[in-house]
Amino acid sequence: GRAVAVWEPSENLDVTAMFQAYGSDSYGTNAEFVTSTGTPEALSALGGYPSVFEAIPDWNTAIDSTVVGDDRGDQDASRGSLTVNWSLGDYTLTAQAGFTRSDADGHTNTSYIPGNYGYQMVDDKSKQFTQEVRLTSPEGWTVEYIVGVLYLHGSYDNITTTNANMIAGPTSPAVRGTSETDYYQKNTAWSGFGQLDTRLTDDLKLSLGLRYTDEKKSADFARTALVPGIYSMVVTPPFSPFSLSRSEGNIDASVGLSYQVTDYVMVYGS
């Protein structure tokens, strides 16, 4: 669903608001076995689901039977923006704010075999906010320009729980255990930018752009063994929480030329 509203309280001011929402739910896996060695059938029967697994291309997954529940996933997301244009004489001041958010939840049978051999649960969230303010010079001048600043703030959060319950072979121990991995990331950025367009002749225009960005990103990471076992202690071993961060600044520049060959044809390079 999407909605847009426009408000014009005066000839010098207009406000545009937009909001969009999205949601989806899925049930079952999108994988289908077409060949088999016989081992999946044997493991399915051993796990309590005899005659469930099949390897025939018939649009049946033959996977979605586990003790902890079938494959499923759901996601909802939304985004919005608010734009204000304010005429200051021949100049235009524009302020634009925007946000996005996403929330996803998934449950997957990681063994792809009916039975409680392995599953993964994922809780995934993200959001971002931006605010930009820019000033545009009057149109039709020999030299036209835009200057502005941008602020960005975002975060990402992921919790993944993985369980393994693989049966032991004749010469190997059972691979069991449950682990939880937690990851959190945050980033902020400031940016100042400007672009200048100048007409060298009536048909030839030169464009120069410059932007400076200062950005910082930090992340927290940890893994916990919820149920001890070979999987959660050896295959995906736990580790204590730790954090990393990085700050960086950089300059981007651009130059371009455009030439109006005729009223209907323009060539340009940048």
# chains A, B, ... in the order shown; residues from 1 in each chain; ligands from 1
>>> residues_around(residues="region 153-157 of chain A", least_positions_apart="3", cutoff="9 Å", atoms="only C-alpha atoms", output="ChimeraX atom specification")
/A:123-130,182-189
>>> residues_around(residues="Val4 (chain A)", least_positions_apart="5", cutoff="10 Å", atoms="only C-alpha atoms", output="PyMOL selection string")
chain A and resi 16-20+80-82
>>> select_by_dssp(residues="region 70-159 of chain A", states="strand (DSSP E)", output="PyMOL selection string")
chain A and resi 72-88+91-108+118-136+143-159
>>> residues_around(residues="region 257-259 of chain A", least_positions_apart="4", cutoff="6 Å", atoms="only C-alpha atoms", output="PyMOL selection string")
chain A and resi 203-206+266-269
>>> write_last_selection(atoms="C-alpha atoms", output="PDB file, in the first residue's frame")
ATOM      1  CA  ASP A 203      24.975  25.628 -26.012  1.00  0.00           C
ATOM      2  CA  LEU A 204      27.943  24.479 -23.896  1.00  0.00           C
ATOM      3  CA  LYS A 205      27.574  23.888 -20.149  1.00  0.00           C
ATOM      4  CA  LEU A 206      30.201  22.924 -17.571  1.00  0.00           C
ATOM      5  CA  MET A 266      22.394  16.900 -26.644  1.00  0.00           C
ATOM      6  CA  VAL A 267      25.720  15.145 -26.106  1.00  0.00           C
ATOM      7  CA  TYR A 268      27.510  15.008 -22.759  1.00  0.00           C
ATOM      8  CA  GLY A 269      30.437  13.482 -20.962  1.00  0.00           C
TER       9      GLY A 269
END
>>> closest_residue(among="A:Ala55, A:Leu46, A:Ala77, A:Met121", to="Gly23 (chain A)", atoms="only C-alpha atoms")
A:Ala77
>>> closest_residue(among="A:Ala164, A:Val34, A:Val147, A:Ile159", to="Asn60 (chain A)", atoms="only C-alpha atoms")
A:Val34
>>> closest_atom_pairs(of="region 135-185 of chain A", to="region 83-100 of chain A", cutoff="9 Å", atoms="only C-alpha atoms", output="Markdown table")
| residue | atom | partner | partner_atom | distance |
| --- | --- | --- | --- | --- |
| A:Leu135 | CA | A:Leu93 | CA | 4.6 |
| A:Thr136 | CA | A:Thr92 | CA | 5.2 |
| A:Ser137 | CA | A:Tyr91 | CA | 5.0 |
| A:Pro138 | CA | A:Asp90 | CA | 5.1 |
| A:Glu139 | CA | A:Asp90 | CA | 8.1 |
>>> write_last_selection(atoms="N, CA and C atoms", output="PDB file, in the first residue's frame")
ATOM      1  N   LEU A 135      19.894  24.167  -0.839  1.00  0.00           N
ATOM      2  CA  LEU A 135      19.495  25.472  -1.376  1.00  0.00           C
ATOM      3  C   LEU A 135      19.809  25.486  -2.872  1.00  0.00           C
ATOM      4  N   THR A 136      18.802  25.843  -3.668  1.00  0.00           N
ATOM      5  CA  THR A 136      18.954  25.874  -5.122  1.00  0.00           C
ATOM      6  C   THR A 136      18.884  27.311  -5.611  1.00  0.00           C
ATOM      7  N   SER A 137      19.829  27.670  -6.457  1.00  0.00           N
ATOM      8  CA  SER A 137      19.868  29.036  -6.987  1.00  0.00           C
ATOM      9  C   SER A 137      18.778  29.226  -8.036  1.00  0.00           C
ATOM     10  N   PRO A 138      18.494  30.453  -8.413  1.00  0.00           N
ATOM     11  CA  PRO A 138      17.480  30.708  -9.454  1.00  0.00           C
ATOM     12  C   PRO A 138      17.870  30.064 -10.783  1.00  0.00           C
ATOM     13  N   GLU A 139      16.846  29.679 -11.553  1.00  0.00           N
ATOM     14  CA  GLU A 139      17.079  29.110 -12.875  1.00  0.00           C
ATOM     15  C   GLU A 139      17.299  30.230 -13.897  1.00  0.00           C
TER      16      GLU A 139
END
>>> select_by_dssp(residues="region 14-211 of chain A", states="alpha helix (DSSP H)", output="list in words")
Thr39, Pro40, Glu41, Ala42, Leu43, Ser44, Ala45 and Leu46 of chain A
>>> write_last_selection(atoms="N, CA, C and O atoms", output="compact mmCIF listing (two decimals), in the first residue's frame")
# COMPACT_ATOMS: atom_id res chain seq x y z
N THR A 39 19.46 -42.42 1.23
CA THR A 39 19.77 -42.00 2.60
C THR A 39 18.72 -41.05 3.17
O THR A 39 18.29 -41.23 4.32
N PRO A 40 18.24 -40.04 2.43
CA PRO A 40 17.21 -39.16 2.98
C PRO A 40 15.94 -39.91 3.38
O PRO A 40 15.33 -39.61 4.40
N GLU A 41 15.55 -40.90 2.57
CA GLU A 41 14.37 -41.69 2.92
C GLU A 41 14.57 -42.43 4.23
O GLU A 41 13.68 -42.49 5.09
N ALA A 42 15.78 -43.00 4.38
CA ALA A 42 16.07 -43.75 5.61
C ALA A 42 16.10 -42.82 6.82
O ALA A 42 15.57 -43.16 7.89
N LEU A 43 16.71 -41.65 6.68
CA LEU A 43 16.77 -40.71 7.79
C LEU A 43 15.38 -40.17 8.12
O LEU A 43 15.05 -39.96 9.30
N SER A 44 14.56 -39.94 7.12
CA SER A 44 13.20 -39.47 7.37
C SER A 44 12.41 -40.50 8.16
O SER A 44 11.69 -40.16 9.11
N ALA A 45 12.52 -41.76 7.77
CA ALA A 45 11.83 -42.82 8.51
C ALA A 45 12.36 -42.93 9.93
O ALA A 45 11.59 -43.11 10.89
N LEU A 46 13.68 -42.79 10.08
CA LEU A 46 14.28 -42.88 11.41
C LEU A 46 13.86 -41.70 12.29
O LEU A 46 13.74 -41.83 13.51
>>> atom_distance(atom1="CA of Thr61 (chain A)", atom2="CA of Tyr112 (chain A)")
9.1 Å
>>> closest_residue(among="A:Pro57, A:Pro114, A:Gly177, A:Gly209", to="Met233 (chain A)", atoms="only C-alpha atoms")
A:Gly177
>>> closest_residue(among="A:Ser26, A:Asn250, A:Asp71, A:Ile113", to="Pro50 (chain A)", atoms="only C-alpha atoms")
A:Ile113
>>> closest_residue(among="A:Gly48, A:Gly229, A:Gly148, A:Pro173", to="Ser191 (chain A)", atoms="only C-alpha atoms")
A:Gly148
>>> atom_distance(atom1="CA of Thr213 (chain A)", atom2="CA of Ser243 (chain A)")
23.3 Å
